[in-house]
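Student: Once you've had a glance at the structure underneath, I'll fire off some questions.
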Amino acid sequence: MPLLPHRTFSVRVTLLLLINALLWTLIPWLTGHSLPLDATEQIAWGHQWQWGYYKHPFLPAWLAEFSWRWLGDAGVYGLSQIAILITLLFVFLLGKRLLGTERAALGTLLTLGVYYFIWPTNEWNNNIAQMPFWAAAVYFFHRALDTQPAHQSYQNWALTGLVLGLGMLSKYSTVILVAVMFLYLIYHPVQRKQLATGAPWVGGLILLLVFAPNALWLVQHHFLPLTYALDRAGDGTLGFWRNGALALRYLVVQLLDHLPMLLILALAGLLARRFWSWQASPAESQQFLWFIGLGPTLLIVLGAIGTQSELRDMWGTPMWNLSGLIVAAYLLPLSAQHSTRLLRVMTGFIAVVALACTLNATVLPAFSHKPARTQWPDQAMADYVRTAWQAHAPEQPLSIIAGDHWLTELIALRLSPRPATFTDANRAFSPWITPLLLQHQAVLCVWEGRLTDEPAALSQLGTPIASGSQPFAWPKSPVAPLKLSWAIVHPRAAQ
């Protein structure tokens with residue numbers, strides 16, 4: 001049977017990926033009332049332009065602030081999709097080196113069938129920000145494995161170190177990929193010899209230089225993000241059987257995240273044995289894909305078992321960008337008929353998931369007893385607290401808002417000029433709030449619930465000069481109104 005020309009297939013794949021990115025930019029933007037939790041947090045952090053934050057490194061926050069200033073909410077949604085497109089671009093480039101153009105395009109398209117590449121991508125966070133650097137690092141790493149000519153080897157190792165450094169500035173778990181790459185060099189009898197040359201160490205030096213600003217910040221702030229990560233992972237007392245069960249659960253969830261890809265192949269009629277062969281691609285390419293594609297997951301699972309730590313499902317987000325290429329490595333060349341059918345199935349898949357996203361944001365809230373983060377009355381709350389501030393502290397600008405990170409960041413985003421957030425009134429979480437600033441600037445405290453429910457951390461800021469509460473109807477949910485309470489603490493009252 002005739003084959004679909006490589007160029008035609010690649011162009012159609014590119015078009016589908018661009019359409020998907022456009023849909024996942026426009027739908028959340030047009031149907032959402034407020035930005036998602038993580039995106040709001042990133043913008044609040046980025047507004048302060050710090051070299052690090054109490055949970056994560058700085059690069060995603062800076063990018064979020066820049067995109068929001070440039071294009072508002074749409075810019076933040078678009079930022080996520082740009083990250084996905086860049087990730088898929090490097091998946092394709094790696095695929096061309098390993099499998100050829102046709103299978104590279106096929107593998108790139110199938111990657112969209114991994115859960116992490118569609119449904120969670122409307123929320124810009126450190127996981128999404130890490131994905132393009134992870135994929136780019138793997139691509140340049142594979143190029144660096146080719147030692148001829150020597151100057152290109154140094155060049156590619158330098159690029160590998162650069163993108164790994166940027167990955168570390170996105171999320172510290174990039175160190176897992178660094179470890180897997182190092183293990184690959186040790187494991188491979190030919191590539192092991194590179195460790196005796198200067199090229200890999202040049203890449204390592206560049207990684208350290210890129211990461212240096214955040215490394216210095218970590219030292220100055222007592223490695224606070226690492227403490228946060230350890231707290232999320234648990235206290236190391238899970239016990240052997242429970243720890244093993246949680247690790248197995250994590251692996252099962254990661255496997256289930258690939259079910260959409262399996263469904264796509266089934267609907268395209270490509271699960272029959274005649275479409276597959278162990279010899280469909282070079283053994284060396286298959287080995288590389290399995291080692292780098294599966295290695296990070298196995299490494300963190302073993303680490304979690306060894307330390308009795310709990311794994312979070314979304315930590316797998318950047319680790320599966322090679323899944324589509326692994327599948328494509330065993331597929332025989334497709335006929336024009338089957339290529340076209342696969343493209344049609346992918347078009348339907350993209351349309352169905354986009355429709356599900358739309359219904360999830362427009363119809364389901366009317367039946368939900370817990371409003372989604374993107375359905376909060378952010379602008380109404382911001383307008384209300386601005387009026388209250390102007391009535392009771394008109395002599396000062398509203399420049400500090402204190403409370404839990406979600407509520408303060410949500411309200412601050414809709415105020416102009418935007419105030420600095422003071423998370424839980426804890427200076428370790430918000431080091432830009434200095435003691436000197438608190439001596440001269442009034443603070444707006446906000447919390448959810450009654451006036452008497454004021455958190456102890458906020459009450460310690462001082463005696464309010466004014467306070468109040470106000471109910472707010474949810475934009476789309478029929479549940480009881482949200483009750484917002486507030487208090488203004490004047491610097492003189494805080495002394």
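Here's how to read the names in the structure tokens: chain A, B, ... by the order shown, residue numbers from 1 in each chain, ligand numbers from 1 in the order shown.
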Residues within 10 Å of region 295-310 of chain A, please, as a PyMOL selection string. Count only C-alpha atoms; anything in the same chain fewer than 4 positions from it doesn't count.
Tutor: chain A and resi 173-181+183-184+230-248+250-251+254+289-291+315-316+318-320
Student: I want to know what sits within 12 Å of Leu26 (chain A), based on only C-alpha atoms, with residues of the same chain fewer than 2 positions away left out; could you give that as a list in words?
Tutor: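 The neighbour list is Ile19, Asn20, Ala21, Leu22, Leu23, Trp24, Pro28, Trp29, Leu30, Thr31, Gly32, Asp73, Ala74, Gly75, Val76, Tyr77, Gly78, Leu79, Ser80, Gln81, Asn122, Ala354, Cys357 and Thr358 of chain A.
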Student: Using only C-alpha atoms, determine which residues lie at most 9 Å from Phe141 (chain A), disregarding the query and same-chain residues fewer than 4 positions distant; provide the list as a VMD selection string.
Tutor: chain A and resid 136 to 137 145 156 to 157 159 to 161 181
Student: The selected residues should be written to file as a PDB file, in the first residue's frame (atoms: N, CA and C atoms).
Tutor:
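This is the output file out-v3.pdb:
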ATOM      1  N   ALA A 136      14.354  19.156  25.781  1.00  0.00           N
ATOM      2  CA  ALA A 136      15.514  19.738  25.091  1.00  0.00           C
ATOM      3  C   ALA A 136      16.807  19.121  25.604  1.00  0.00           C
ATOM      4  N   ALA A 137      16.881  18.876  26.904  1.00  0.00           N
ATOM      5  CA  ALA A 137      18.096  18.288  27.484  1.00  0.00           C
ATOM      6  C   ALA A 137      18.339  16.897  26.925  1.00  0.00           C
ATOM      7  N   LEU A 145      26.274  12.618  22.634  1.00  0.00           N
ATOM      8  CA  LEU A 145      26.829  11.268  22.633  1.00  0.00           C
ATOM      9  C   LEU A 145      27.633  10.983  21.366  1.00  0.00           C
ATOM     10  N   ASN A 156      27.612  20.513  22.066  1.00  0.00           N
ATOM     11  CA  ASN A 156      26.380  19.847  22.481  1.00  0.00           C
ATOM     12  C   ASN A 156      26.332  19.587  23.980  1.00  0.00           C
ATOM     13  N   TRP A 157      27.484  19.286  24.578  1.00  0.00           N
ATOM     14  CA  TRP A 157      27.510  19.140  26.034  1.00  0.00           C
ATOM     15  C   TRP A 157      27.229  20.480  26.719  1.00  0.00           C
ATOM     16  N   LEU A 159      25.314  22.861  25.480  1.00  0.00           N
ATOM     17  CA  LEU A 159      23.870  23.088  25.341  1.00  0.00           C
ATOM     18  C   LEU A 159      23.088  22.191  26.302  1.00  0.00           C
ATOM     19  N   THR A 160      23.564  20.972  26.490  1.00  0.00           N
ATOM     20  CA  THR A 160      22.916  20.079  27.457  1.00  0.00           C
ATOM     21  C   THR A 160      22.975  20.674  28.857  1.00  0.00           C
ATOM     22  N   GLY A 161      24.142  21.171  29.244  1.00  0.00           N
ATOM     23  CA  GLY A 161      24.285  21.791  30.557  1.00  0.00           C
ATOM     24  C   GLY A 161      23.415  23.025  30.701  1.00  0.00           C
ATOM     25  N   MET A 181      21.032  10.531  33.127  1.00  0.00           N
ATOM     26  CA  MET A 181      22.011  10.725  32.053  1.00  0.00           C
ATOM     27  C   MET A 181      23.394  10.234  32.486  1.00  0.00           C
TER      28      MET A 181
END
Student: Quick check, in Å to one decimal: how far apart do CA of Arg312 (chain A) and CA of Leu224 (chain A) lie?
Tutor: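 Rounded to one decimal, the two atoms are 19.2 Å apart.
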Student: Could you please determine the separation between CA of Trp278 (chain A) and CA of Leu99 (chain A) in Å, to one decimal place?
Tutor: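 The value is 13.2 Å.
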Student: Pro417 (chain A): which residues within 10 Å, counting only C-alpha atoms, same-chain residues fewer than 3 positions away excluded, as a list in words?
Tutor: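 The residues that qualify are Pro397, Leu398, Ser399, Ala412, Leu413, Arg414 and Ala420 of chain A.
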